[in-house]
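my_file.txt (compact mmCIF, C-alpha atoms)
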```
# COMPACT_ATOMS: atom_id res chain seq x y z
CA MET A 1 159.86 94.01 193.61
CA SER A 2 162.86 94.53 191.43
CA GLN A 3 163.40 94.46 187.72
CA THR A 4 165.94 91.82 186.77
CA ASN A 5 166.55 93.19 183.30
CA ASN A 6 164.99 95.65 180.93
CA THR A 7 164.87 95.09 177.21
CA GLN A 8 161.82 97.27 176.73
CA GLY A 9 163.28 100.77 176.98
CA PRO A 10 162.04 103.58 179.21
CA VAL A 11 158.36 104.35 179.91
CA TRP A 12 156.66 107.22 178.09
CA GLU A 13 153.33 108.79 178.98
CA VAL A 14 150.97 109.41 176.08
CA PHE A 15 148.52 112.30 175.73
CA THR A 16 145.98 112.68 172.94
CA GLN A 17 143.84 115.56 171.74
CA LYS A 18 140.49 114.37 170.40
CA LYS A 19 139.81 117.39 168.20
CA SER A 20 141.41 120.73 167.50
CA GLY A 21 140.97 123.11 170.40
CA ALA A 22 140.26 120.36 172.94
CA PRO A 23 142.57 119.79 175.92
CA PHE A 24 145.18 117.02 175.75
CA GLN A 25 144.25 114.03 177.87
CA HIS A 26 146.37 111.27 179.33
CA ALA A 27 145.75 108.09 177.30
CA GLY A 28 148.19 105.66 178.93
CA SER A 29 151.82 104.67 178.79
CA LEU A 30 154.20 102.59 176.70
CA HIS A 31 157.84 101.63 176.24
CA ALA A 32 160.12 103.07 173.56
CA PHE A 33 163.83 103.71 173.02
CA ASP A 34 163.58 107.19 171.48
CA LYS A 35 161.17 109.98 170.57
CA GLU A 36 160.33 108.71 167.10
CA MET A 37 159.66 105.20 168.33
CA ALA A 38 157.57 106.60 171.18
CA LEU A 39 155.40 108.59 168.74
CA GLU A 40 154.94 105.66 166.38
CA ASN A 41 154.13 103.24 169.19
CA ALA A 42 151.71 105.77 170.66
CA ARG A 43 149.97 106.12 167.30
CA ASP A 44 149.63 102.35 166.89
CA LEU A 45 148.56 101.73 170.46
CA TYR A 46 146.39 104.68 171.45
CA THR A 47 144.93 106.03 168.20
CA ARG A 48 143.63 102.96 166.35
CA ARG A 49 140.21 104.62 166.00
CA ASP A 50 138.78 108.14 165.76
CA LYS A 51 141.73 110.00 164.25
CA PRO A 52 142.87 112.50 166.88
CA SER A 53 144.17 116.00 166.08
CA GLY A 54 147.20 115.86 168.36
CA LEU A 55 149.55 113.46 170.13
CA TRP A 56 152.17 114.09 172.83
CA VAL A 57 154.67 111.65 174.30
CA VAL A 58 156.64 112.52 177.43
CA PRO A 59 159.35 110.46 179.17
CA ALA A 60 157.70 109.35 182.42
CA THR A 61 160.81 110.33 184.40
CA GLU A 62 160.40 113.97 183.25
CA ILE A 63 156.96 114.35 184.80
CA VAL A 64 156.93 116.22 188.08
CA ALA A 65 154.03 115.34 190.35
CA VAL A 66 152.77 116.26 193.80
CA SER A 67 153.26 113.24 196.02
CA PRO A 68 150.02 111.83 197.44
CA GLY A 69 151.07 112.52 201.03
CA ASP A 70 151.70 116.20 200.28
CA ALA A 71 148.57 116.76 198.22
CA ALA A 72 146.30 117.88 201.07
CA PRO A 73 148.56 120.66 202.50
CA PHE A 74 149.81 121.58 199.01
CA PHE A 75 146.31 122.31 197.73
CA ASP A 76 145.03 123.64 201.01
CA PRO A 77 144.98 127.36 200.03
CA SER A 78 142.52 126.67 197.21
CA ASP A 79 139.80 125.64 199.60
CA ASP A 80 139.33 128.69 201.82
CA LYS A 81 138.38 131.46 199.41
CA VAL A 82 134.66 131.13 198.92
CA TYR A 83 134.61 134.61 197.34
CA ARG A 84 136.34 133.13 194.29
CA HIS A 85 133.06 131.46 193.33
CA PRO A 86 130.19 133.39 191.77
CA THR A 87 127.75 131.69 194.11
CA PHE A 88 129.30 133.70 196.98
CA TYR A 89 127.55 136.87 195.78
CA GLU A 90 123.97 137.84 196.28
CA VAL A 91 122.20 138.87 193.12
CA PRO A 92 119.13 141.08 193.60
CA GLU A 93 116.02 139.74 191.91
CA GLY A 94 115.44 141.00 188.42
CA VAL A 95 119.09 141.71 187.51
CA GLN A 96 119.79 140.23 184.09
CA ASN A 97 122.98 138.87 182.51
CA LEU A 98 125.04 139.12 185.73
CA MET B 1 160.42 102.19 216.12
CA ALA B 2 159.33 99.34 218.37
CA ALA B 3 157.59 96.41 216.74
CA SER B 4 154.32 97.15 218.50
CA GLU B 5 154.40 100.78 217.32
CA GLN B 6 155.08 99.64 213.77
CA ASN B 7 152.14 97.24 213.91
CA ALA B 8 149.89 100.02 215.17
CA LEU B 9 151.02 102.25 212.31
CA ILE B 10 150.28 99.57 209.71
CA ILE B 11 146.87 98.92 211.21
CA SER B 12 146.02 102.60 211.07
CA LEU B 13 147.27 102.85 207.47
CA GLU B 14 145.15 99.84 206.56
CA GLU B 15 142.10 101.42 208.16
CA GLN B 16 142.67 104.65 206.24
CA PHE B 17 143.13 102.65 203.06
CA GLN B 18 139.88 100.73 203.57
CA SER B 19 137.96 103.91 204.36
CA LYS B 20 139.20 105.43 201.08
CA ILE B 21 137.96 102.32 199.26
CA ASP B 22 134.63 102.47 201.09
CA ALA B 23 134.27 106.12 200.03
CA ASP B 24 134.94 105.11 196.39
CA ILE B 25 138.19 107.07 196.27
CA ARG B 26 140.47 105.50 193.66
CA ILE B 27 143.90 104.25 194.63
CA GLU B 28 146.77 105.56 192.50
CA PRO B 29 150.26 104.01 192.02
CA LYS B 30 152.08 106.20 194.55
CA ASP B 31 149.42 105.92 197.28
CA TRP B 32 150.10 103.66 200.23
CA MET B 33 148.47 100.24 199.79
CA PRO B 34 148.63 96.96 201.72
CA ASP B 35 151.13 94.49 200.29
CA SER B 36 148.40 91.94 199.74
CA TYR B 37 146.34 94.46 197.72
CA ARG B 38 149.37 95.13 195.51
CA LYS B 39 150.04 91.40 195.07
CA THR B 40 146.41 90.55 194.32
CA LEU B 41 146.18 93.27 191.70
CA LEU B 42 149.51 92.41 190.17
CA ARG B 43 148.43 88.79 189.82
CA GLN B 44 145.05 89.72 188.37
CA ILE B 45 146.19 92.45 185.96
CA SER B 46 149.18 90.51 184.65
CA GLN B 47 147.01 87.40 184.15
CA HIS B 48 144.51 89.58 182.34
CA ALA B 49 147.30 90.97 180.13
CA HIS B 50 148.65 87.48 179.40
CA SER B 51 145.11 86.38 178.44
CA GLU B 52 144.86 89.15 175.86
CA ILE B 53 148.21 88.17 174.37
CA VAL B 54 147.62 84.40 174.32
CA GLY B 55 144.06 85.18 173.19
CA MET B 56 145.45 86.35 169.86
CA LEU B 57 146.59 82.82 169.01
CA PRO B 58 143.35 80.85 168.43
CA GLU B 59 141.99 83.58 166.16
CA GLY B 60 145.28 84.58 164.61
CA VAL B 61 145.57 81.26 162.78
CA TRP B 62 142.39 82.14 160.84
CA ILE B 63 143.64 85.46 159.44
CA THR B 64 145.15 83.85 156.35
CA ARG B 65 142.14 81.56 155.90
CA ALA B 66 139.28 84.03 156.42
CA PRO B 67 136.58 83.41 153.79
CA SER B 68 136.55 86.95 152.35
CA LEU B 69 138.61 90.14 152.31
CA LYS B 70 136.03 91.80 154.54
CA ARG B 71 136.27 89.06 157.17
CA LYS B 72 140.06 89.12 156.93
CA GLN B 73 140.18 92.87 157.57
CA ILE B 74 137.79 92.58 160.52
CA LEU B 75 139.74 89.71 162.05
CA LEU B 76 143.06 91.53 161.61
CA ALA B 77 141.64 94.60 163.36
CA LYS B 78 140.27 92.46 166.17
CA VAL B 79 143.50 90.57 166.78
CA GLN B 80 145.38 93.87 166.69
CA ASP B 81 142.98 95.19 169.35
CA GLU B 82 143.76 92.18 171.56
CA ALA B 83 147.47 93.00 171.32
CA GLY B 84 146.66 96.58 172.25
CA HIS B 85 144.56 95.47 175.22
CA GLY B 86 147.44 93.32 176.42
CA LEU B 87 149.74 96.35 176.26
CA TYR B 88 147.32 98.65 178.15
CA LEU B 89 147.13 96.01 180.85
CA TYR B 90 150.87 95.38 181.08
CA ALA B 91 151.34 99.14 181.47
CA ALA B 92 148.77 99.19 184.29
CA ALA B 93 150.47 96.21 186.00
CA GLU B 94 153.87 97.89 185.75
CA THR B 95 152.62 100.79 187.89
CA LEU B 96 152.55 98.27 190.76
CA GLY B 97 156.30 97.80 190.54
CA MET B 98 156.97 94.79 188.35
CA GLY B 99 158.95 95.09 185.10
CA ARG B 100 157.57 94.04 181.73
CA ASP B 101 160.35 91.52 181.09
CA ASP B 102 159.67 89.88 184.44
CA MET B 103 156.00 89.53 183.60
CA TYR B 104 156.82 87.91 180.26
CA GLU B 105 159.21 85.59 182.07
CA GLU B 106 156.40 84.50 184.41
CA LEU B 107 154.14 83.77 181.45
CA HIS B 108 156.79 81.85 179.52
CA SER B 109 157.90 79.77 182.50
CA GLY B 110 154.31 78.80 183.23
CA LYS B 111 154.38 80.48 186.65
CA ALA B 112 151.68 82.98 185.66
CA LYS B 113 148.29 81.82 184.42
CA TYR B 114 146.12 83.14 181.62
CA SER B 115 142.47 82.47 180.88
CA SER B 116 141.96 78.73 180.32
CA ILE B 117 139.55 79.40 177.48
CA PHE B 118 142.49 79.94 175.12
CA ASN B 119 143.68 76.38 175.68
CA TYR B 120 140.91 75.11 173.42
CA PRO B 121 141.54 74.70 169.70
CA SER B 122 139.89 76.81 166.99
CA SER B 123 139.31 74.10 164.45
CA SER B 124 136.91 75.72 161.98
CA TRP B 125 136.04 79.17 160.64
CA ALA B 126 132.86 79.08 162.71
CA ASP B 127 135.07 79.07 165.81
CA VAL B 128 136.03 82.67 165.01
CA GLY B 129 132.32 83.47 165.28
CA ALA B 130 131.87 81.47 168.48
CA ILE B 131 134.95 83.06 170.09
CA GLY B 132 133.72 86.57 169.28
CA TRP B 133 130.17 85.94 170.41
CA LEU B 134 130.70 83.69 173.45
CA VAL B 135 134.28 84.28 174.64
CA ASP B 136 134.30 88.04 174.07
CA GLY B 137 130.72 88.19 175.32
CA ALA B 138 131.78 86.58 178.60
CA ALA B 139 134.90 88.75 178.78
CA ILE B 140 132.84 91.93 178.39
CA LEU B 141 130.53 90.93 181.25
CA ASN B 142 133.63 90.34 183.39
CA GLN B 143 135.32 93.56 182.33
CA ILE B 144 132.51 96.12 182.58
CA PRO B 145 132.48 96.08 186.41
CA ILE B 146 136.29 96.43 186.43
CA CYS B 147 135.84 99.90 184.87
CA ARG B 148 134.89 100.90 188.45
CA CYS B 149 137.73 98.98 190.11
CA SER B 150 139.36 100.72 193.07
CA TYR B 151 142.78 100.81 191.38
CA GLY B 152 142.90 103.80 189.01
CA PRO B 153 145.26 102.53 186.28
CA TYR B 154 143.39 99.20 185.98
CA ALA B 155 140.01 100.92 185.85
CA ARG B 156 141.19 103.37 183.19
CA ALA B 157 142.71 100.61 181.05
CA MET B 158 139.43 98.73 181.30
CA VAL B 159 137.35 101.71 180.12
CA ARG B 160 139.49 101.81 176.98
CA VAL B 161 139.26 98.02 176.51
CA CYS B 162 135.47 97.92 176.92
CA LYS B 163 134.96 100.72 174.39
CA GLU B 164 136.95 98.81 171.80
CA GLU B 165 135.66 95.38 172.66
CA SER B 166 132.03 95.98 171.74
CA PHE B 167 132.64 95.35 168.04
CA HIS B 168 134.35 92.04 168.82
CA GLN B 169 131.22 90.42 170.17
CA ARG B 170 129.04 91.75 167.36
CA GLN B 171 131.32 90.60 164.58
CA GLY B 172 131.31 87.10 166.11
CA PHE B 173 127.55 87.02 166.23
CA GLU B 174 127.40 88.21 162.64
CA VAL B 175 129.78 85.46 161.49
CA LEU B 176 127.53 82.85 163.16
CA LEU B 177 124.34 84.42 161.82
CA THR B 178 125.72 84.33 158.29
CA LEU B 179 126.62 80.65 158.67
CA ALA B 180 123.28 79.86 160.33
CA ASN B 181 121.49 81.30 157.31
CA GLY B 182 123.76 79.46 154.87
CA SER B 183 123.91 75.89 153.55
CA PRO B 184 123.15 72.89 155.82
CA GLU B 185 126.91 72.30 156.08
CA GLN B 186 127.53 75.87 157.19
CA ARG B 187 124.71 75.63 159.69
CA ALA B 188 126.17 72.43 161.10
CA MET B 189 129.56 74.11 161.35
CA ALA B 190 128.09 76.97 163.38
CA GLN B 191 126.24 74.55 165.65
CA ASP B 192 129.38 72.49 166.22
CA ALA B 193 131.43 75.58 167.14
CA ILE B 194 128.78 76.74 169.62
CA ASN B 195 128.59 73.26 171.14
CA ARG B 196 132.34 73.24 171.74
CA TRP B 197 132.74 76.81 173.00
CA TYR B 198 129.63 77.22 175.15
CA TRP B 199 130.66 75.33 178.30
CA PRO B 200 134.25 76.57 178.40
CA SER B 201 132.81 80.10 178.11
CA VAL B 202 130.45 79.45 181.03
CA MET B 203 133.53 78.39 183.02
CA MET B 204 135.35 81.63 182.18
CA PHE B 205 133.71 83.25 185.21
CA GLY B 206 135.77 81.02 187.45
CA PRO B 207 134.86 78.65 190.27
CA SER B 208 131.52 78.90 192.04
CA ASP B 209 131.33 81.49 194.80
CA GLY B 210 131.81 78.91 197.55
CA GLU B 211 134.99 77.59 195.93
CA SER B 212 136.56 80.88 194.91
CA THR B 213 139.55 81.64 197.13
CA HIS B 214 140.22 85.30 196.30
CA SER B 215 136.66 86.54 195.85
CA GLU B 216 135.68 87.83 199.26
CA GLN B 217 138.73 90.01 199.86
CA SER B 218 138.60 91.31 196.29
CA MET B 219 135.00 92.38 196.82
CA ARG B 220 135.95 94.22 200.01
CA TRP B 221 138.73 96.00 198.13
CA LYS B 222 136.36 96.75 195.23
CA ILE B 223 138.67 95.05 192.77
CA LYS B 224 135.69 92.85 192.07
CA ARG B 225 132.12 94.17 192.14
CA PHE B 226 130.05 91.06 191.42
CA SER B 227 130.53 87.43 192.32
CA ASN B 228 131.53 84.78 189.77
CA ASP B 229 128.09 83.18 189.93
CA GLU B 230 126.23 86.48 189.47
CA LEU B 231 128.21 87.26 186.34
CA ARG B 232 127.83 83.70 185.06
CA GLN B 233 124.06 83.93 185.43
CA ARG B 234 124.05 87.15 183.37
CA PHE B 235 125.97 85.36 180.65
CA VAL B 236 123.67 82.34 180.63
CA ASP B 237 120.60 84.62 180.40
CA MET B 238 122.15 86.70 177.62
CA VAL B 239 123.15 83.71 175.48
CA ALA B 240 119.81 81.92 176.03
CA GLU B 241 118.00 84.81 174.36
CA GLN B 242 120.52 85.59 171.63
CA ILE B 243 120.76 81.99 170.39
CA LYS B 244 117.06 82.16 169.48
CA VAL B 245 117.93 84.76 166.81
CA LEU B 246 120.55 82.41 165.40
CA GLY B 247 117.93 79.69 165.27
CA LEU B 248 120.43 77.11 166.49
CA GLN B 249 120.11 74.56 169.23
CA HIS B 250 121.21 75.49 172.75
CA PRO B 251 124.05 73.19 173.90
CA ASP B 252 122.59 72.89 177.41
CA SER B 253 119.62 70.48 177.37
CA ASP B 254 118.85 71.36 181.02
CA LEU B 255 118.46 75.06 180.30
CA LYS B 256 115.05 76.21 181.51
CA TRP B 257 113.46 79.57 182.27
CA ASN B 258 112.72 79.96 185.96
CA ALA B 259 109.93 82.52 186.29
CA GLU B 260 110.29 82.68 190.06
CA ARG B 261 113.97 83.66 189.90
CA GLY B 262 113.58 85.66 186.71
CA HIS B 263 116.62 83.79 185.36
CA TYR B 264 117.45 80.69 183.37
CA ASP B 265 118.34 77.56 185.35
CA PHE B 266 121.19 75.68 183.74
CA GLY B 267 122.86 72.27 183.73
CA ALA B 268 125.79 71.09 185.82
CA ILE B 269 129.22 72.47 185.00
CA ASP B 270 132.01 69.95 184.53
CA TRP B 271 134.44 71.38 187.10
CA ASP B 272 136.82 68.45 186.66
CA GLU B 273 137.39 69.61 183.11
CA PHE B 274 137.87 73.19 184.31
CA TRP B 275 140.56 72.30 186.87
CA ASN B 276 142.21 69.91 184.46
CA VAL B 277 142.70 72.70 181.91
CA VAL B 278 143.80 75.17 184.62
CA LYS B 279 146.43 72.67 185.70
CA GLY B 280 147.89 72.57 182.21
CA ASN B 281 146.22 69.54 180.68
CA GLY B 282 143.87 71.24 178.24
CA PRO B 283 144.01 70.43 174.53
CA CYS B 284 146.34 73.34 173.66
CA ASN B 285 148.15 74.44 176.85
CA ARG B 286 151.54 73.27 175.65
CA GLU B 287 151.11 74.54 172.11
CA ARG B 288 150.07 78.03 173.28
CA LEU B 289 153.06 78.45 175.57
CA GLU B 290 155.44 77.08 172.98
CA THR B 291 154.13 79.57 170.42
CA ARG B 292 154.62 82.46 172.87
CA ARG B 293 158.12 81.32 173.81
CA LYS B 294 159.10 80.94 170.18
CA ALA B 295 157.84 84.45 169.35
CA TRP B 296 159.79 85.83 172.32
CA GLU B 297 162.99 84.01 171.37
CA GLU B 298 162.75 84.98 167.73
CA GLY B 299 162.39 88.61 168.78
CA THR B 300 165.61 88.54 170.82
CA TRP B 301 167.70 90.20 168.10
CA VAL B 302 165.21 93.08 167.85
CA ARG B 303 165.40 93.74 171.59
CA GLU B 304 169.19 93.41 171.59
CA ALA B 305 169.48 95.84 168.68
CA ALA B 306 167.20 98.33 170.43
CA VAL B 307 169.15 98.14 173.69
CA ALA B 308 172.47 98.53 171.79
CA TYR B 309 171.06 101.53 169.92
CA ALA B 310 169.92 103.17 173.16
CA GLU B 311 173.33 102.55 174.74
CA LYS B 312 175.16 104.04 171.75
CA LYS B 313 172.92 107.09 171.75
CA LYS B 314 173.52 107.59 175.45
CA GLN B 315 177.30 107.37 175.03
CA ARG B 316 177.20 109.83 172.15
CA SER B 317 175.25 112.41 174.12
CA GLU B 318 177.59 111.93 177.09
CA SER B 319 180.67 112.47 174.92
CA ILE B 320 179.11 115.64 173.50
CA VAL B 321 178.57 116.92 177.03
CA THR B 322 182.21 116.12 177.90
CA LEU B 323 183.47 117.86 174.76
CA ALA B 324 181.33 120.89 175.47
CA ALA B 325 182.64 121.03 179.03
CA LYS B 326 186.25 120.84 177.77
CA ALA B 327 185.66 123.58 175.21
CA ALA B 328 184.23 125.81 177.93
```

Rendering of file as structure tokens:
Amino acid sequence: MSQTNNTQGPVWEVFTQKKSGAPFQHAGSLHAFDKEMALENARDLYTRRDKPSGLWVVPATEIVAVSPGDAAPFFDPSDDKVYRHPTFYEVPEGVQNL
Amino acid sequence: MAASEQNALIISLEEQFQSKIDADIRIEPKDWMPDSYRKTLLRQISQHAHSEIVGMLPEGVWITRAPSLKRKQILLAKVQDEAGHGLYLYAAAETLGMGRDDMYEELHSGKAKYSSIFNYPSSSWADVGAIGWLVDGAAILNQIPICRCSYGPYARAMVRVCKEESFHQRQGFEVLLTLANGSPEQRAMAQDAINRWYWPSVMMFGPSDGESTHSEQSMRWKIKRFSNDELRQRFVDMVAEQIKVLGLQHPDSDLKWNAERGHYDFGAIDWDEFWNVVKGNGPCNRERLETRRKAWEEGTWVREAAVAYAEKKKQRSESIVTLAAKAA
């Protein structure tokens, strides 16, 4: 499917932080022609309730992602080190705060 | 690759795809998906988006005529939410590869459909109540299962929509309750609105299971989780109980509790009316589309200005780069 014309501007991804100290979470995306417009549109679209403590907008084309086909081999090394988990270790009975 | 090899590859990709769906693994925009899955979703999500946008019209006309400042503020917030829901959904549809302008074009040309319910007129203030209670009530029942839809962006948009939508139904019920407890004229107004909006709302769940062309495949793909008739029954049961609190008369004289089924039995649906409105012959089809087209056309200068601004900015930054390169 092709786009015949585009009068909407580029796509931006929006991230919001619910309260101070919390991680930023992806909220959705929108169209805007520049940074200011992206921030204002993001405010109007994704923060109509529950005033958040932070808002990021990022041009979608600037996001670098692992492609779905590569995900399995790319993340493979994270799966074979059981000793990275505390449950790997035996704790003798009676030991406290370990 | 030989044709037979290519077919074998597609079959194996389709099997992998279905096994992901069966395992409740969500599909994301860049994942492989069958063409027909993409097309089905694109049709459904864009129709859903169009419905939110056209859905602003019947209520929007009451903003200036709301009976109090409180009601005006509530209605403004609700209509603004509908616009927002349309935008979440357009964004989700775009991840499937269709541009926003092209989707608008499909709406304006009449190629794309939107929910037929918005082709009925909102002729009194009580209609705002009936739309909130019945139309949004039916929409919520439809939308809650979509929060678990197999396509990630659609499911995520729907979670956001459902969270925001819950006040819409309540405010509608409250409008009707206030009228129901008012003067005889106000009571009659509430009754009239319910009488006009009830059956079209019952039809919002679409054709009966036997008649529904897309249902079976959509269930297999987990785009849909419940059949049209299952959801419709939930709606009928919900309204049958809630109308008792309003103390108004139920518009369906055949409505009867069926203890054996544990559900209400209800009267025959006028499917001729349903198809007639779908085909474009409802009371407001033409007016709704004309209003949308007019809004789009009147916004042309804004879009042109924005595109010109972006172009100018781009040229400026390019000339700065050229100058910097020359200076170096």

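Excluding Arg293 of chain B itself and any same-chain residue fewer than 3 positions from it, the protein and nucleic acid residues within 9 Å of it, counting all atoms listed in the file, are B:Leu107, B:His108, B:Ser109, B:Arg288, B:Leu289, B:Glu290, B:Trp296, B:Glu297, B:Glu298.
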
Just C-alpha atoms for this one: save the residues we selected as a PDB file, keeping the file's coordinate frame.
```pdb
ATOM      1  CA  LEU B 107     154.140  83.770 181.450  1.00  0.00           C
ATOM      2  CA  HIS B 108     156.790  81.850 179.520  1.00  0.00           C
ATOM      3  CA  SER B 109     157.900  79.770 182.500  1.00  0.00           C
ATOM      4  CA  ARG B 288     150.070  78.030 173.280  1.00  0.00           C
ATOM      5  CA  LEU B 289     153.060  78.450 175.570  1.00  0.00           C
ATOM      6  CA  GLU B 290     155.440  77.080 172.980  1.00  0.00           C
ATOM      7  CA  TRP B 296     159.790  85.830 172.320  1.00  0.00           C
ATOM      8  CA  GLU B 297     162.990  84.010 171.370  1.00  0.00           C
ATOM      9  CA  GLU B 298     162.750  84.980 167.730  1.00  0.00           C
TER      10      GLU B 298
END
```

> Pick from A:Thr16, A:Thr61, A:Ser67, A:Asn41: nearest to chain B, with all atoms listed in the file counted?
Replying inline: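 Of the candidates, the smallest distance to chain B is held by A:Ser67.
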
>> Using all atoms listed in the file and a distance of at most 9 Å, pull out the residues of chain B that contact chain A, as a ChimeraX atom specification.
In response: /B:28,30-32,81,83-85,87-88,91-92,96-102,153,156-157,160,164,303-304,306-307,309-310

Any chance you can output those residues with C-alpha atoms as an mmCIF file, in the coordinates of the input?
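Output below, filename selection.cif:
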```cif
data_model
loop_
_atom_site.group_PDB
_atom_site.id
_atom_site.type_symbol
_atom_site.label_atom_id
_atom_site.label_comp_id
_atom_site.auth_asym_id
_atom_site.auth_seq_id
_atom_site.Cartn_x
_atom_site.Cartn_y
_atom_site.Cartn_z
ATOM 1 C CA GLU B 28 146.770 105.560 192.500
ATOM 2 C CA LYS B 30 152.080 106.200 194.550
ATOM 3 C CA ASP B 31 149.420 105.920 197.280
ATOM 4 C CA TRP B 32 150.100 103.660 200.230
ATOM 5 C CA ASP B 81 142.980 95.190 169.350
ATOM 6 C CA ALA B 83 147.470 93.000 171.320
ATOM 7 C CA GLY B 84 146.660 96.580 172.250
ATOM 8 C CA HIS B 85 144.560 95.470 175.220
ATOM 9 C CA LEU B 87 149.740 96.350 176.260
ATOM 10 C CA TYR B 88 147.320 98.650 178.150
ATOM 11 C CA ALA B 91 151.340 99.140 181.470
ATOM 12 C CA ALA B 92 148.770 99.190 184.290
ATOM 13 C CA LEU B 96 152.550 98.270 190.760
ATOM 14 C CA GLY B 97 156.300 97.800 190.540
ATOM 15 C CA MET B 98 156.970 94.790 188.350
ATOM 16 C CA GLY B 99 158.950 95.090 185.100
ATOM 17 C CA ARG B 100 157.570 94.040 181.730
ATOM 18 C CA ASP B 101 160.350 91.520 181.090
ATOM 19 C CA ASP B 102 159.670 89.880 184.440
ATOM 20 C CA PRO B 153 145.260 102.530 186.280
ATOM 21 C CA ARG B 156 141.190 103.370 183.190
ATOM 22 C CA ALA B 157 142.710 100.610 181.050
ATOM 23 C CA ARG B 160 139.490 101.810 176.980
ATOM 24 C CA GLU B 164 136.950 98.810 171.800
ATOM 25 C CA ARG B 303 165.400 93.740 171.590
ATOM 26 C CA GLU B 304 169.190 93.410 171.590
ATOM 27 C CA ALA B 306 167.200 98.330 170.430
ATOM 28 C CA VAL B 307 169.150 98.140 173.690
ATOM 29 C CA TYR B 309 171.060 101.530 169.920
ATOM 30 C CA ALA B 310 169.920 103.170 173.160
#
```

> Which is closest to Lys51 of chain A among A:Lys19, A:Phe75, A:Leu39, A:His26, if we use only C-alpha atoms?
Replying inline: A:Lys19

> Counting all atoms listed in the file, what is within 10 Å of Asp22 of chain B, bar same-chain residues fewer than 3 positions away, as a list in words?
Replying inline: Gln16, Phe17, Gln18, Ser19, Ile25, Arg26, Ser150, Arg220, Trp221 and Lys222 of chain B

> At what distance in Å, to one decimal, does atom CA of Arg196 of chain B lie from atom CA of Asp270 of chain B?
Replying inline: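 Atom-to-atom, atom CA of Asp270 of chain B to atom CA of Arg196 of chain B, that is 13.2 Å.
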
> What is the atom CA of Arg234 of chain B to atom CA of Leu246 of chain B distance in Å?
Replying inline: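 Those two atoms sit 18.9 Å apart.
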
>> What's the separation between atom CA of Ser215 of chain B and atom CA of Ser227 of chain B, in Å to one decimal place?
In response: 7.1 Å

>> Counting all atoms listed in the file, which residues sit no farther than 9 Å from the position (149.0, 87.2, 188.2) in the file's frame? I'd like them as a list of chain:residue names.
In response: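 So the residues meeting the distance criterion are B:Lys39, B:Thr40, B:Leu41, B:Leu42, B:Arg43, B:Gln44, B:Ile45, B:Ser46, B:Gln47, B:His48, B:His50, B:Met103, B:Glu106, B:Lys111, B:Ala112, B:Lys113, B:Tyr114.
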
Saved selection, atoms kept: C-alpha atoms, as a PDB file, keeping the file's coordinate frame:
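Result saved to again.pdb:
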```pdb
ATOM      1  CA  LYS B  39     150.040  91.400 195.070  1.00  0.00           C
ATOM      2  CA  THR B  40     146.410  90.550 194.320  1.00  0.00           C
ATOM      3  CA  LEU B  41     146.180  93.270 191.700  1.00  0.00           C
ATOM      4  CA  LEU B  42     149.510  92.410 190.170  1.00  0.00           C
ATOM      5  CA  ARG B  43     148.430  88.790 189.820  1.00  0.00           C
ATOM      6  CA  GLN B  44     145.050  89.720 188.370  1.00  0.00           C
ATOM      7  CA  ILE B  45     146.190  92.450 185.960  1.00  0.00           C
ATOM      8  CA  SER B  46     149.180  90.510 184.650  1.00  0.00           C
ATOM      9  CA  GLN B  47     147.010  87.400 184.150  1.00  0.00           C
ATOM     10  CA  HIS B  48     144.510  89.580 182.340  1.00  0.00           C
ATOM     11  CA  HIS B  50     148.650  87.480 179.400  1.00  0.00           C
ATOM     12  CA  MET B 103     156.000  89.530 183.600  1.00  0.00           C
ATOM     13  CA  GLU B 106     156.400  84.500 184.410  1.00  0.00           C
ATOM     14  CA  LYS B 111     154.380  80.480 186.650  1.00  0.00           C
ATOM     15  CA  ALA B 112     151.680  82.980 185.660  1.00  0.00           C
ATOM     16  CA  LYS B 113     148.290  81.820 184.420  1.00  0.00           C
ATOM     17  CA  TYR B 114     146.120  83.140 181.620  1.00  0.00           C
TER      18      TYR B 114
END
```

>> Report as a ChimeraX atom specification all protein, DNA and RNA residues lying within 8 Å of Pro145 of chain B, evaluated on only C-alpha atoms, omitting residues in the same chain fewer than 6 positions from it.
In response: /B:224-226

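Distances to Ala295 of chain B were evaluated for B:Val54, B:Trp62, B:Trp275, B:Asn228 using only C-alpha atoms, and the minimum falls at B:Val54.
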
>> With all atoms listed in the file as the counted atoms, please give the residues lying no more than 9 Å from Val278 of chain B, apart from itself and same-chain residues fewer than 2 positions off, as a VMD selection string.
In response: chain B and resid 113 to 116 273 to 276 280 to 282 285

Pull C-alpha atoms from the residues just selected and write them as a CSV table (one decimal), keeping the file's coordinate frame.
```csv
chain,number,residue,atom,x,y,z
B,113,LYS,CA,148.3,81.8,184.4
B,114,TYR,CA,146.1,83.1,181.6
B,115,SER,CA,142.5,82.5,180.9
B,116,SER,CA,142.0,78.7,180.3
B,273,GLU,CA,137.4,69.6,183.1
B,274,PHE,CA,137.9,73.2,184.3
B,275,TRP,CA,140.6,72.3,186.9
B,276,ASN,CA,142.2,69.9,184.5
B,280,GLY,CA,147.9,72.6,182.2
B,281,ASN,CA,146.2,69.5,180.7
B,282,GLY,CA,143.9,71.2,178.2
B,285,ASN,CA,148.2,74.4,176.8
```
